[in-house]
$ cat target_35.cif   # mmCIF, C-alpha atoms; chains and numbers go by the auth columns
data_work
#
loop_
_atom_site.group_PDB
_atom_site.id
_atom_site.type_symbol
_atom_site.label_atom_id
_atom_site.label_comp_id
_atom_site.label_asym_id
_atom_site.label_seq_id
_atom_site.Cartn_x
_atom_site.Cartn_y
_atom_site.Cartn_z
_atom_site.B_iso_or_equiv
_atom_site.auth_seq_id
_atom_site.auth_asym_id
ATOM 1 C CA MET A 1 -1.253 17.865 7.578 0.00 1480 U
ATOM 2 C CA ARG A 2 -2.730 19.231 4.367 0.00 1481 U
ATOM 3 C CA LYS A 3 -6.436 19.972 4.207 0.00 1482 U
ATOM 4 C CA ILE A 4 -8.639 17.638 2.206 0.00 1483 U
ATOM 5 C CA SER A 5 -9.688 20.543 -0.009 0.00 1484 U
ATOM 6 C CA GLU A 6 -6.036 21.137 -0.933 0.00 1485 U
ATOM 7 C CA MET A 7 -5.584 17.462 -1.835 0.00 1486 U
ATOM 8 C CA ARG A 8 -8.539 17.646 -4.210 0.00 1487 U
ATOM 9 C CA HIS A 9 -6.690 20.140 -6.412 0.00 1488 U
ATOM 10 C CA PRO A 10 -2.945 19.446 -6.265 0.00 1489 U
ATOM 11 C CA VAL A 11 -0.708 22.320 -7.319 0.00 1490 U
ATOM 12 C CA SER A 12 1.882 20.231 -9.194 0.00 1491 U
ATOM 13 C CA PRO A 13 0.172 17.639 -11.406 0.00 1492 U
ATOM 14 C CA ALA A 14 2.057 14.389 -11.959 0.00 1493 U
ATOM 15 C CA PHE A 15 2.163 14.588 -15.737 0.00 1494 U
ATOM 16 C CA GLY A 16 4.218 11.392 -15.914 0.00 1495 U
ATOM 17 C CA LEU A 17 1.282 9.369 -14.596 0.00 1496 U
ATOM 18 C CA PRO A 18 -0.467 7.634 -17.534 0.00 1497 U
ATOM 19 C CA HIS A 19 -3.894 7.890 -15.904 0.00 1498 U
ATOM 20 C CA TYR A 20 -3.431 11.233 -14.150 0.00 1499 U
ATOM 21 C CA GLN A 21 -6.815 12.689 -15.127 0.00 1500 U
ATOM 22 C CA GLU A 22 -8.610 9.463 -14.216 0.00 1501 U
ATOM 23 C CA MET A 23 -6.853 9.444 -10.852 0.00 1502 U
ATOM 24 C CA LEU A 24 -8.021 12.982 -10.181 0.00 1503 U
ATOM 25 C CA VAL A 25 -11.605 11.928 -10.857 0.00 1504 U
ATOM 26 C CA ALA A 26 -11.268 8.805 -8.699 0.00 1505 U
ATOM 27 C CA ARG A 27 -10.039 10.850 -5.763 0.00 1506 U
ATOM 28 C CA LEU A 28 -13.276 12.852 -5.587 0.00 1507 U
ATOM 29 C CA PRO A 29 -15.557 10.058 -4.281 0.00 1508 U
ATOM 30 C CA PHE A 30 -12.745 8.962 -1.982 0.00 1509 U
ATOM 31 C CA PHE A 31 -12.427 12.424 -0.428 0.00 1510 U
ATOM 32 C CA ASP A 32 -16.221 12.727 -0.249 0.00 1511 U
ATOM 33 C CA ARG A 33 -16.356 9.574 1.855 0.00 1512 U
ATOM 34 C CA VAL A 34 -13.488 10.745 4.060 0.00 1513 U
ATOM 35 C CA GLU A 35 -15.308 14.015 4.739 0.00 1514 U
ATOM 36 C CA GLN A 36 -18.597 12.192 5.336 0.00 1515 U
ATOM 37 C CA ALA A 37 -16.934 9.842 7.841 0.00 1516 U
ATOM 38 C CA ILE A 38 -15.491 12.831 9.716 0.00 1517 U
ATOM 39 C CA ALA A 39 -18.803 14.703 9.679 0.00 1518 U
ATOM 40 C CA THR A 40 -20.831 11.722 10.930 0.00 1519 U
ATOM 41 C CA GLY A 41 -18.201 10.429 13.335 0.00 1520 U
ATOM 42 C CA THR A 42 -18.045 6.979 11.735 0.00 1521 U
ATOM 43 C CA ASN A 43 -14.285 7.435 11.419 0.00 1522 U
ATOM 44 C CA LEU A 44 -14.089 7.030 15.208 0.00 1523 U
ATOM 45 C CA ASP A 45 -15.091 3.369 14.859 0.00 1524 U
ATOM 46 C CA THR A 46 -12.314 2.944 12.288 0.00 1525 U
ATOM 47 C CA PHE A 47 -9.850 4.479 14.742 0.00 1526 U
ATOM 48 C CA ARG A 48 -10.976 2.068 17.458 0.00 1527 U
ATOM 49 C CA TRP A 49 -10.571 -0.868 15.090 0.00 1528 U
ATOM 50 C CA LEU A 50 -7.056 0.204 14.137 0.00 1529 U
ATOM 51 C CA ARG A 51 -6.077 0.647 17.773 0.00 1530 U
ATOM 52 C CA SER A 52 -7.453 -2.821 18.555 0.00 1531 U
ATOM 53 C CA ARG A 53 -4.860 -4.075 16.052 0.00 1532 U
ATOM 54 C CA SER A 54 -2.119 -2.025 17.788 0.00 1533 U
ATOM 55 C CA ILE A 55 -2.088 0.439 14.878 0.00 1534 U
ATOM 56 C CA ASP A 56 -1.766 4.169 15.538 0.00 1535 U
ATOM 57 C CA PRO A 57 -4.329 6.013 13.340 0.00 1536 U
ATOM 58 C CA ASP A 58 -2.268 9.226 13.371 0.00 1537 U
ATOM 59 C CA HIS A 59 0.843 7.360 12.242 0.00 1538 U
ATOM 60 C CA VAL A 60 -1.127 5.836 9.375 0.00 1539 U
ATOM 61 C CA THR A 61 -2.292 9.285 8.266 0.00 1540 U
ATOM 62 C CA ASN A 62 1.193 10.754 8.475 0.00 1541 U
ATOM 63 C CA PHE A 63 2.894 7.968 6.523 0.00 1542 U
ATOM 64 C CA ALA A 64 0.191 6.453 4.311 0.00 1543 U
ATOM 65 C CA GLY A 65 -2.172 9.380 3.838 0.00 1544 U
ATOM 66 C CA LEU A 66 -5.926 9.564 4.220 0.00 1545 U
ATOM 67 C CA TYR A 67 -8.035 6.442 4.597 0.00 1546 U
ATOM 68 C CA VAL A 68 -11.680 5.596 5.172 0.00 1547 U
ATOM 69 C CA GLU A 69 -14.047 2.682 5.567 0.00 1548 U
ATOM 70 C CA ALA A 70 -16.608 2.847 2.791 0.00 1549 U
ATOM 71 C CA GLU A 71 -19.018 0.719 0.793 0.00 1550 U
ATOM 72 C CA ILE A 72 -17.457 -0.844 -2.286 0.00 1551 U
ATOM 73 C CA THR A 73 -18.394 -3.330 -4.978 0.00 1552 U
ATOM 74 C CA ALA A 74 -15.897 -5.961 -6.133 0.00 1553 U
ATOM 75 C CA MET A 75 -15.577 -6.585 -9.858 0.00 1554 U
ATOM 76 C CA PRO A 76 -13.739 -9.187 -11.957 0.00 1555 U
ATOM 77 C CA GLY A 77 -9.972 -8.941 -12.004 0.00 1556 U
ATOM 78 C CA GLY A 78 -9.662 -7.743 -8.417 0.00 1557 U
ATOM 79 C CA ILE A 79 -11.010 -4.278 -9.256 0.00 1558 U
ATOM 80 C CA PHE A 80 -13.400 -2.332 -7.047 0.00 1559 U
ATOM 81 C CA SER A 81 -15.637 0.692 -7.309 0.00 1560 U
ATOM 82 C CA PHE A 82 -17.387 2.792 -4.687 0.00 1561 U
ATOM 83 C CA SER A 83 -20.974 1.776 -4.091 0.00 1562 U
ATOM 84 C CA GLU A 84 -23.959 2.439 -1.872 0.00 1563 U
ATOM 85 C CA CYS A 85 -25.043 -1.206 -1.744 0.00 1564 U
ATOM 86 C CA GLY A 86 -21.843 -3.219 -1.557 0.00 1565 U
ATOM 87 C CA PHE A 87 -19.776 -4.244 1.454 0.00 1566 U
ATOM 88 C CA SER A 88 -17.693 -2.240 3.880 0.00 1567 U
ATOM 89 C CA ALA A 89 -13.974 -2.054 3.202 0.00 1568 U
ATOM 90 C CA PHE A 90 -10.930 -0.133 4.385 0.00 1569 U
ATOM 91 C CA VAL A 91 -9.838 2.112 1.498 0.00 1570 U
ATOM 92 C CA MET A 92 -6.482 3.865 1.228 0.00 1571 U
ATOM 93 C CA MET A 93 -4.246 5.403 -1.423 0.00 1572 U
ATOM 94 C CA VAL A 94 -1.148 3.916 -2.996 0.00 1573 U
ATOM 95 C CA HIS A 95 1.598 6.397 -3.845 0.00 1574 U
ATOM 96 C CA ASP A 96 4.335 6.464 -6.459 0.00 1575 U
ATOM 97 C CA ARG A 97 8.042 6.177 -5.713 0.00 1576 U
ATOM 98 C CA ASP A 98 8.145 9.812 -4.582 0.00 1577 U
ATOM 99 C CA ALA A 99 5.841 8.771 -1.684 0.00 1578 U
ATOM 100 C CA GLU A 100 3.543 11.688 -2.570 0.00 1579 U
ATOM 101 C CA THR A 101 1.885 11.143 -5.956 0.00 1580 U
ATOM 102 C CA PRO A 102 -1.252 8.979 -5.640 0.00 1581 U
ATOM 103 C CA ILE A 103 -1.442 6.363 -8.375 0.00 1582 U
ATOM 104 C CA ASP A 104 -4.196 4.027 -7.216 0.00 1583 U
ATOM 105 C CA LEU A 105 -6.610 3.120 -4.431 0.00 1584 U
ATOM 106 C CA ILE A 106 -6.742 -0.233 -2.663 0.00 1585 U
ATOM 107 C CA ALA A 107 -9.434 -1.756 -0.474 0.00 1586 U
ATOM 108 C CA PHE A 108 -9.818 -4.736 1.842 0.00 1587 U
ATOM 109 C CA ALA A 109 -12.502 -5.910 4.257 0.00 1588 U
ATOM 110 C CA ARG A 110 -11.853 -6.272 7.977 0.00 1589 U
ATOM 111 C CA ASP A 111 -12.618 -9.993 7.980 0.00 1590 U
ATOM 112 C CA LYS A 112 -10.577 -10.711 4.829 0.00 1591 U
ATOM 113 C CA PRO A 113 -7.548 -8.381 5.014 0.00 1592 U
ATOM 114 C CA ARG A 114 -5.455 -10.434 2.585 0.00 1593 U
ATOM 115 C CA ARG A 115 -8.014 -10.102 -0.207 0.00 1594 U
ATOM 116 C CA VAL A 116 -6.941 -6.789 -1.716 0.00 1595 U
ATOM 117 C CA TYR A 117 -8.846 -4.926 -4.431 0.00 1596 U
ATOM 118 C CA ARG A 118 -7.445 -2.144 -6.609 0.00 1597 U
ATOM 119 C CA TYR A 119 -9.374 0.738 -8.144 0.00 1598 U
ATOM 120 C CA PHE A 120 -7.423 0.894 -11.413 0.00 1599 U
ATOM 121 C CA GLY A 121 -5.252 -2.204 -11.155 0.00 1600 U
ATOM 122 C CA TYR A 122 -2.302 0.088 -11.836 0.00 1601 U
ATOM 123 C CA ALA A 123 -0.308 -0.078 -8.597 0.00 1602 U
ATOM 124 C CA ASP A 124 1.923 -3.144 -8.343 0.00 1603 U
ATOM 125 C CA VAL A 125 3.339 -2.489 -4.877 0.00 1604 U
ATOM 126 C CA LEU A 126 2.425 -0.610 -1.711 0.00 1605 U
ATOM 127 C CA GLY A 127 5.331 1.297 -0.144 0.00 1606 U
ATOM 128 C CA VAL A 128 7.261 1.390 -3.414 0.00 1607 U
ATOM 129 C CA ASP A 129 9.378 4.370 -2.292 0.00 1608 U
ATOM 130 C CA GLN A 130 11.151 2.076 0.170 0.00 1609 U
ATOM 131 C CA LEU A 131 12.151 -0.253 -2.663 0.00 1610 U
ATOM 132 C CA TYR A 132 14.173 2.578 -4.220 0.00 1611 U
ATOM 133 C CA ASN A 133 15.566 3.918 -0.946 0.00 1612 U
ATOM 134 C CA PRO A 134 19.219 2.800 -0.494 0.00 1613 U
ATOM 135 C CA THR A 135 18.804 2.908 3.292 0.00 1614 U
ATOM 136 C CA SER A 136 16.513 -0.134 2.992 0.00 1615 U
ATOM 137 C CA TYR A 137 19.621 -2.196 2.194 0.00 1616 U
ATOM 138 C CA PHE A 138 22.156 -0.404 4.397 0.00 1617 U
ATOM 139 C CA ASP A 139 24.684 -2.560 6.262 0.00 1618 U
ATOM 140 C CA GLY A 140 23.387 -5.832 4.820 0.00 1619 U
ATOM 141 C CA ASP A 141 19.789 -5.098 5.737 0.00 1620 U
ATOM 142 C CA GLY A 142 16.852 -5.925 3.468 0.00 1621 U
ATOM 143 C CA LEU A 143 13.406 -4.726 2.487 0.00 1622 U
ATOM 144 C CA MET A 144 10.611 -6.514 4.336 0.00 1623 U
ATOM 145 C CA ILE A 145 7.833 -7.847 2.131 0.00 1624 U
ATOM 146 C CA ARG A 146 4.529 -7.887 4.013 0.00 1625 U
ATOM 147 C CA ARG A 147 1.758 -10.283 3.110 0.00 1626 U
ATOM 148 C CA ALA A 148 -1.064 -7.729 3.209 0.00 1627 U
ATOM 149 C CA PRO A 149 -1.688 -3.988 3.632 0.00 1628 U
ATOM 150 C CA LEU A 150 -2.967 -4.550 7.179 0.00 1629 U
ATOM 151 C CA ASP A 151 0.360 -6.203 8.053 0.00 1630 U
ATOM 152 C CA TRP A 152 2.094 -3.173 6.538 0.00 1631 U
ATOM 153 C CA LEU A 153 0.055 -0.825 8.714 0.00 1632 U
ATOM 154 C CA SER A 154 0.768 -2.969 11.783 0.00 1633 U
ATOM 155 C CA ALA A 155 4.480 -2.695 11.028 0.00 1634 U
ATOM 156 C CA GLY A 156 4.361 1.098 11.054 0.00 1635 U
ATOM 157 C CA CYS A 157 4.193 1.332 7.236 0.00 1636 U
ATOM 158 C CA THR A 158 7.672 -0.155 6.842 0.00 1637 U
ATOM 159 C CA GLY A 159 8.481 -2.494 3.985 0.00 1638 U
ATOM 160 C CA CYS A 160 6.357 -3.252 0.931 0.00 1639 U
ATOM 161 C CA VAL A 161 3.274 -5.207 -0.074 0.00 1640 U
ATOM 162 C CA ILE A 162 3.363 -6.759 -3.533 0.00 1641 U
ATOM 163 C CA LEU A 163 -0.010 -6.189 -5.200 0.00 1642 U
ATOM 164 C CA ASP A 164 0.829 -7.569 -8.657 0.00 1643 U
ATOM 165 C CA TYR A 165 3.721 -10.027 -8.875 0.00 1644 U
ATOM 166 C CA ASP A 166 4.009 -9.913 -12.678 0.00 1645 U
ATOM 167 C CA GLU A 167 4.305 -6.133 -12.780 0.00 1646 U
ATOM 168 C CA PHE A 168 6.563 -6.115 -9.720 0.00 1647 U
ATOM 169 C CA ALA A 169 8.892 -8.571 -11.496 0.00 1648 U
ATOM 170 C CA HIS A 170 9.170 -6.115 -14.400 0.00 1649 U
ATOM 171 C CA ARG A 171 9.962 -3.363 -11.907 0.00 1650 U
ATOM 172 C CA LEU A 172 12.732 -5.459 -10.334 0.00 1651 U
ATOM 173 C CA ARG A 173 14.336 -6.104 -13.706 0.00 1652 U
ATOM 174 C CA ALA A 174 14.579 -2.344 -14.295 0.00 1653 U
ATOM 175 C CA LEU A 175 15.661 -1.572 -10.727 0.00 1654 U
ATOM 176 C CA ASP A 176 18.952 0.317 -10.473 0.00 1655 U
ATOM 177 C CA ILE A 177 19.979 -1.041 -7.061 0.00 1656 U
ATOM 178 C CA PRO A 178 23.311 -2.950 -6.912 0.00 1657 U
ATOM 179 C CA GLN A 179 22.119 -5.410 -4.273 0.00 1658 U
ATOM 180 C CA CYS A 180 18.377 -5.575 -3.724 0.00 1659 U
ATOM 181 C CA ARG A 181 17.599 -7.840 -0.788 0.00 1660 U
ATOM 182 C CA LEU A 182 13.966 -8.773 -0.210 0.00 1661 U
ATOM 183 C CA VAL A 183 13.019 -10.311 3.138 0.00 1662 U
ATOM 184 C CA GLY A 184 10.107 -12.705 3.676 0.00 1663 U
ATOM 185 C CA GLU A 185 8.257 -13.112 6.959 0.00 1664 U
ATOM 186 C CA ASN A 186 9.272 -16.774 7.176 0.00 1665 U
ATOM 187 C CA VAL A 187 10.672 -19.589 5.024 0.00 1666 U
ATOM 188 C CA ILE A 188 7.300 -20.406 3.452 0.00 1667 U
ATOM 189 C CA HIS A 189 6.658 -16.760 2.613 0.00 1668 U
ATOM 190 C CA ALA A 190 10.167 -16.331 1.154 0.00 1669 U
ATOM 191 C CA ARG A 191 9.640 -19.382 -1.065 0.00 1670 U
ATOM 192 C CA GLU A 192 6.281 -18.024 -2.231 0.00 1671 U
ATOM 193 C CA ILE A 193 7.920 -14.727 -3.186 0.00 1672 U
ATOM 194 C CA SER A 194 10.783 -16.475 -4.975 0.00 1673 U
ATOM 195 C CA LYS A 195 8.403 -18.707 -6.945 0.00 1674 U
ATOM 196 C CA ALA A 196 6.111 -15.823 -7.897 0.00 1675 U
ATOM 197 C CA LEU A 197 9.031 -13.668 -9.083 0.00 1676 U
ATOM 198 C CA ASN A 198 10.964 -16.450 -10.831 0.00 1677 U
ATOM 199 C CA PRO A 199 13.332 -15.897 -12.536 0.00 1678 U
ATOM 200 C CA LEU A 200 14.893 -13.364 -10.189 0.00 1679 U
ATOM 201 C CA PRO A 201 17.212 -10.707 -11.642 0.00 1680 U
ATOM 202 C CA GLN A 202 20.836 -11.426 -10.813 0.00 1681 U
ATOM 203 C CA ARG A 203 21.164 -8.522 -8.382 0.00 1682 U
ATOM 204 C CA VAL A 204 17.986 -9.436 -6.451 0.00 1683 U
ATOM 205 C CA SER A 205 18.044 -11.941 -3.593 0.00 1684 U
ATOM 206 C CA ILE A 206 15.449 -13.150 -1.096 0.00 1685 U
ATOM 207 C CA PHE A 207 16.077 -13.789 2.583 0.00 1686 U
ATOM 208 C CA VAL A 208 14.092 -14.821 5.639 0.00 1687 U
ATOM 209 C CA LEU A 209 13.551 -12.687 8.701 0.00 1688 U
ATOM 210 C CA CYS A 210 15.578 -14.268 11.472 0.00 1689 U
ATOM 211 C CA PRO A 211 14.108 -14.104 15.001 0.00 1690 U
ATOM 212 C CA PRO A 212 16.199 -12.193 17.527 0.00 1691 U
ATOM 213 C CA THR A 213 18.565 -14.348 19.533 0.00 1692 U
ATOM 214 C CA VAL A 214 18.021 -14.596 23.273 0.00 1693 U
ATOM 215 C CA ALA A 215 21.131 -14.497 25.410 0.00 1694 U
ATOM 216 C CA ALA A 216 21.530 -17.444 27.763 0.00 1695 U
ATOM 217 C CA SER A 217 21.131 -16.576 31.414 0.00 1696 U
#

$ encode --input "target_35.cif" --output "structure tokens"
Amino acid sequence: MRKISEMRHPVSPAFGLPHYQEMLVARLPFFDRVEQAIATGTNLDTFRWLRSRSIDPDHVTNFAGLYVEAEITAMPGGIFSFSECGFSAFVMMVHDRDAETPIDLIAFARDKPRRVYRYFGYADVLGVDQLYNPTSYFDGDGLMIRRAPLDWLSAGCTGCVILDYDEFAHRLRALDIPQCRLVGENVIHAREISKALNPLPQRVSIFVLCPPTVAAS
């Protein structure tokens, strides 16, 4: 795993990122809080909380990158900023389709995990690299759409979380995948996705996760 100091000053800047310089600046308070949590041991409570949700903290670090619980302030439009007098939230990075370039930060509180805040409001989907990975659709399979980032972490960081349906719809229309199959957690969830993304591009379809069949004894 790369050192935090190395992540502060990436060697290969992502020049294609419209807000690259702003993202660099935003990463500084994030890394400061990660280092502070390690130094004070408050990250251990975060680890215990993750494990209580059957989430492996090391797996999260390996697949999703660094994360920390920090004080934030919520602002209009679902945006957040770091604060010293706000409320505690789980903060993590969102990466681009290369699964390496950070493009935004998201945050959510323990007691309201489905209320997600974004730092820039730029990222439209968490786990976007899996949307473009052909193996997500191999042999008739589909890409799971999770309701919230905590669900995504619980699922081992597999699938995607839609953060902005309007922007995600634009992404789907430009997607160069012959058959993009999105999978909802249940019928209600699949209908919510279909309604939010209506009209769906012709090559995009939405399915429901079918429970495994149990063989009769």

$ atom_distance --input "target_35.cif" --atom1 "atom CA of Gly1544 of chain U" --atom2 "atom CA of Tyr1616 of chain U"
24.7 Å

$ atom_distance --input "target_35.cif" --atom1 "atom CA of Ala1553 of chain U" --atom2 "atom CA of Asn1541 of chain U"
28.0 Å

$ atom_distance --input "target_35.cif" --atom1 "atom CA of Ala1653 of chain U" --atom2 "atom CA of Tyr1598 of chain U"
24.9 Å

$ closest_residue --input "target_35.cif" --among "U:Pro1657, U:Gly1520, U:Pro1678, U:Gly1600" --to "Ala1586 of chain U" --atoms "only C-alpha atoms"
U:Gly1600

$ closest_residue --input "target_35.cif" --among "U:Ala1549, U:Leu1584, U:Ile1517, U:Ile1624" --to "Arg1597 of chain U" --atoms "all atoms listed in the file"
U:Leu1584

$ residues_around --input "target_35.cif" --residues "segment 1559-1567 of chain U" --least-positions-apart "5" --cutoff "9 Å" --atoms "all atoms listed in the file" --output "ChimeraX atom specification"
/U:1508-1509,1548-1554,1585-1589,1596-1599

$ closest_residue --input "target_35.cif" --among "U:Gly1621, U:Gly1556, U:Pro1592, U:Pro1680" --to "His1649 of chain U" --atoms "only C-alpha atoms"
U:Pro1680

$ resolve_selection --input "target_35.cif" --expression "the PyMOL selection byres ((chain U and resi 1640) around 8)" --output "mmCIF file with C-alpha atoms, in the coordinates of the input"
data_model
loop_
_atom_site.group_PDB
_atom_site.id
_atom_site.type_symbol
_atom_site.label_atom_id
_atom_site.label_comp_id
_atom_site.auth_asym_id
_atom_site.auth_seq_id
_atom_site.Cartn_x
_atom_site.Cartn_y
_atom_site.Cartn_z
ATOM 1 C CA VAL U 1604 3.339 -2.489 -4.877
ATOM 2 C CA LEU U 1605 2.425 -0.610 -1.711
ATOM 3 C CA GLY U 1606 5.331 1.297 -0.144
ATOM 4 C CA ILE U 1624 7.833 -7.847 2.131
ATOM 5 C CA ARG U 1625 4.529 -7.887 4.013
ATOM 6 C CA ARG U 1626 1.758 -10.283 3.110
ATOM 7 C CA ALA U 1627 -1.064 -7.729 3.209
ATOM 8 C CA PRO U 1628 -1.688 -3.988 3.632
ATOM 9 C CA TRP U 1631 2.094 -3.173 6.538
ATOM 10 C CA GLY U 1638 8.481 -2.494 3.985
ATOM 11 C CA CYS U 1639 6.357 -3.252 0.931
ATOM 12 C CA ILE U 1641 3.363 -6.759 -3.533
ATOM 13 C CA LEU U 1642 -0.010 -6.189 -5.200
#

$ resolve_selection --input "target_35.cif" --expression "the PyMOL selection byres ((chain U and resi 1514) around 12)" --output "PDB file with C-alpha atoms, in the frame of the given file"
ATOM      1  CA  LYS U1482      -6.436  19.972   4.207  1.00  0.00           C
ATOM      2  CA  ILE U1483      -8.639  17.638   2.206  1.00  0.00           C
ATOM      3  CA  SER U1484      -9.688  20.543  -0.009  1.00  0.00           C
ATOM      4  CA  ARG U1487      -8.539  17.646  -4.210  1.00  0.00           C
ATOM      5  CA  LEU U1507     -13.276  12.852  -5.587  1.00  0.00           C
ATOM      6  CA  PRO U1508     -15.557  10.058  -4.281  1.00  0.00           C
ATOM      7  CA  PHE U1509     -12.745   8.962  -1.982  1.00  0.00           C
ATOM      8  CA  PHE U1510     -12.427  12.424  -0.428  1.00  0.00           C
ATOM      9  CA  ASP U1511     -16.221  12.727  -0.249  1.00  0.00           C
ATOM     10  CA  ARG U1512     -16.356   9.574   1.855  1.00  0.00           C
ATOM     11  CA  VAL U1513     -13.488  10.745   4.060  1.00  0.00           C
ATOM     12  CA  GLN U1515     -18.597  12.192   5.336  1.00  0.00           C
ATOM     13  CA  ALA U1516     -16.934   9.842   7.841  1.00  0.00           C
ATOM     14  CA  ILE U1517     -15.491  12.831   9.716  1.00  0.00           C
ATOM     15  CA  ALA U1518     -18.803  14.703   9.679  1.00  0.00           C
ATOM     16  CA  THR U1519     -20.831  11.722  10.930  1.00  0.00           C
ATOM     17  CA  GLY U1520     -18.201  10.429  13.335  1.00  0.00           C
ATOM     18  CA  THR U1521     -18.045   6.979  11.735  1.00  0.00           C
ATOM     19  CA  ASN U1522     -14.285   7.435  11.419  1.00  0.00           C
ATOM     20  CA  LEU U1545      -5.926   9.564   4.220  1.00  0.00           C
ATOM     21  CA  TYR U1546      -8.035   6.442   4.597  1.00  0.00           C
ATOM     22  CA  VAL U1547     -11.680   5.596   5.172  1.00  0.00           C
ATOM     23  CA  GLU U1548     -14.047   2.682   5.567  1.00  0.00           C
ATOM     24  CA  ALA U1549     -16.608   2.847   2.791  1.00  0.00           C
TER      25      ALA U1549
END

$ resolve_selection --input "target_35.cif" --expression "the PyMOL selection byres ((chain U and resi 1644) around 10)" --output "tab-separated table (two decimals) with C-alpha atoms, in the coordinates of the input"
chain	number	residue	atom	x	y	z
U	1603	ASP	CA	1.92	-3.14	-8.34
U	1604	VAL	CA	3.34	-2.49	-4.88
U	1641	ILE	CA	3.36	-6.76	-3.53
U	1642	LEU	CA	-0.01	-6.19	-5.20
U	1643	ASP	CA	0.83	-7.57	-8.66
U	1645	ASP	CA	4.01	-9.91	-12.68
U	1646	GLU	CA	4.30	-6.13	-12.78
U	1647	PHE	CA	6.56	-6.12	-9.72
U	1648	ALA	CA	8.89	-8.57	-11.50
U	1649	HIS	CA	9.17	-6.12	-14.40
U	1650	ARG	CA	9.96	-3.36	-11.91
U	1672	ILE	CA	7.92	-14.73	-3.19
U	1675	ALA	CA	6.11	-15.82	-7.90
U	1676	LEU	CA	9.03	-13.67	-9.08
U	1677	ASN	CA	10.96	-16.45	-10.83

$ closest_residue --input "target_35.cif" --among "U:Leu1529, U:Ala1602, U:Ala1568, U:Cys1659" --to "Gly1619 of chain U" --atoms "only C-alpha atoms"
U:Cys1659

$ residues_around --input "target_35.cif" --residues "Val1683 of chain U" --least-positions-apart "3" --cutoff "8 Å" --atoms "all atoms listed in the file" --output "list in words"
Leu1651, Gln1658, Cys1659, Arg1660, Leu1661, Leu1679 and Pro1680 of chain U

$ decode --input "target_35.cif" --residues "segment 1556-1560 of chain U" --atoms "all heavy atoms" --output "mmCIF file, in the first residue's frame"
data_model
loop_
_atom_site.group_PDB
_atom_site.id
_atom_site.type_symbol
_atom_site.label_atom_id
_atom_site.label_comp_id
_atom_site.auth_asym_id
_atom_site.auth_seq_id
_atom_site.Cartn_x
_atom_site.Cartn_y
_atom_site.Cartn_z
ATOM 1 N N GLY U 1556 -27.520 21.514 -1.735
ATOM 2 C CA GLY U 1556 -27.159 20.780 -2.931
ATOM 3 C C GLY U 1556 -26.435 19.479 -2.656
ATOM 4 O O GLY U 1556 -25.863 18.898 -3.570
ATOM 5 N N GLY U 1557 -26.455 19.021 -1.401
ATOM 6 C CA GLY U 1557 -25.803 17.759 -1.079
ATOM 7 C C GLY U 1557 -24.290 17.839 -1.056
ATOM 8 O O GLY U 1557 -23.610 16.825 -1.206
ATOM 9 N N ILE U 1558 -23.752 19.047 -0.863
ATOM 10 C CA ILE U 1558 -22.307 19.253 -0.812
ATOM 11 C C ILE U 1558 -21.864 19.285 0.654
ATOM 12 O O ILE U 1558 -22.629 19.667 1.535
ATOM 13 C CB ILE U 1558 -21.928 20.578 -1.509
ATOM 14 C CG1 ILE U 1558 -22.463 20.594 -2.945
ATOM 15 C CG2 ILE U 1558 -20.418 20.786 -1.514
ATOM 16 C CD1 ILE U 1558 -21.934 19.494 -3.825
ATOM 17 N N PHE U 1559 -20.622 18.888 0.905
ATOM 18 C CA PHE U 1559 -20.103 18.977 2.261
ATOM 19 C C PHE U 1559 -18.718 19.602 2.254
ATOM 20 O O PHE U 1559 -18.028 19.654 1.240
ATOM 21 C CB PHE U 1559 -20.058 17.586 2.923
ATOM 22 C CG PHE U 1559 -18.858 16.744 2.557
ATOM 23 C CD1 PHE U 1559 -17.694 16.788 3.330
ATOM 24 C CD2 PHE U 1559 -18.877 15.907 1.453
ATOM 25 C CE1 PHE U 1559 -16.582 16.005 3.006
ATOM 26 C CE2 PHE U 1559 -17.776 15.127 1.117
ATOM 27 C CZ PHE U 1559 -16.620 15.175 1.891
ATOM 28 N N SER U 1560 -18.316 20.072 3.418
ATOM 29 C CA SER U 1560 -16.961 20.559 3.616
ATOM 30 C C SER U 1560 -16.475 20.043 4.971
ATOM 31 O O SER U 1560 -17.281 19.699 5.838
ATOM 32 C CB SER U 1560 -16.903 22.090 3.594
ATOM 33 O OG SER U 1560 -17.628 22.631 4.691
#
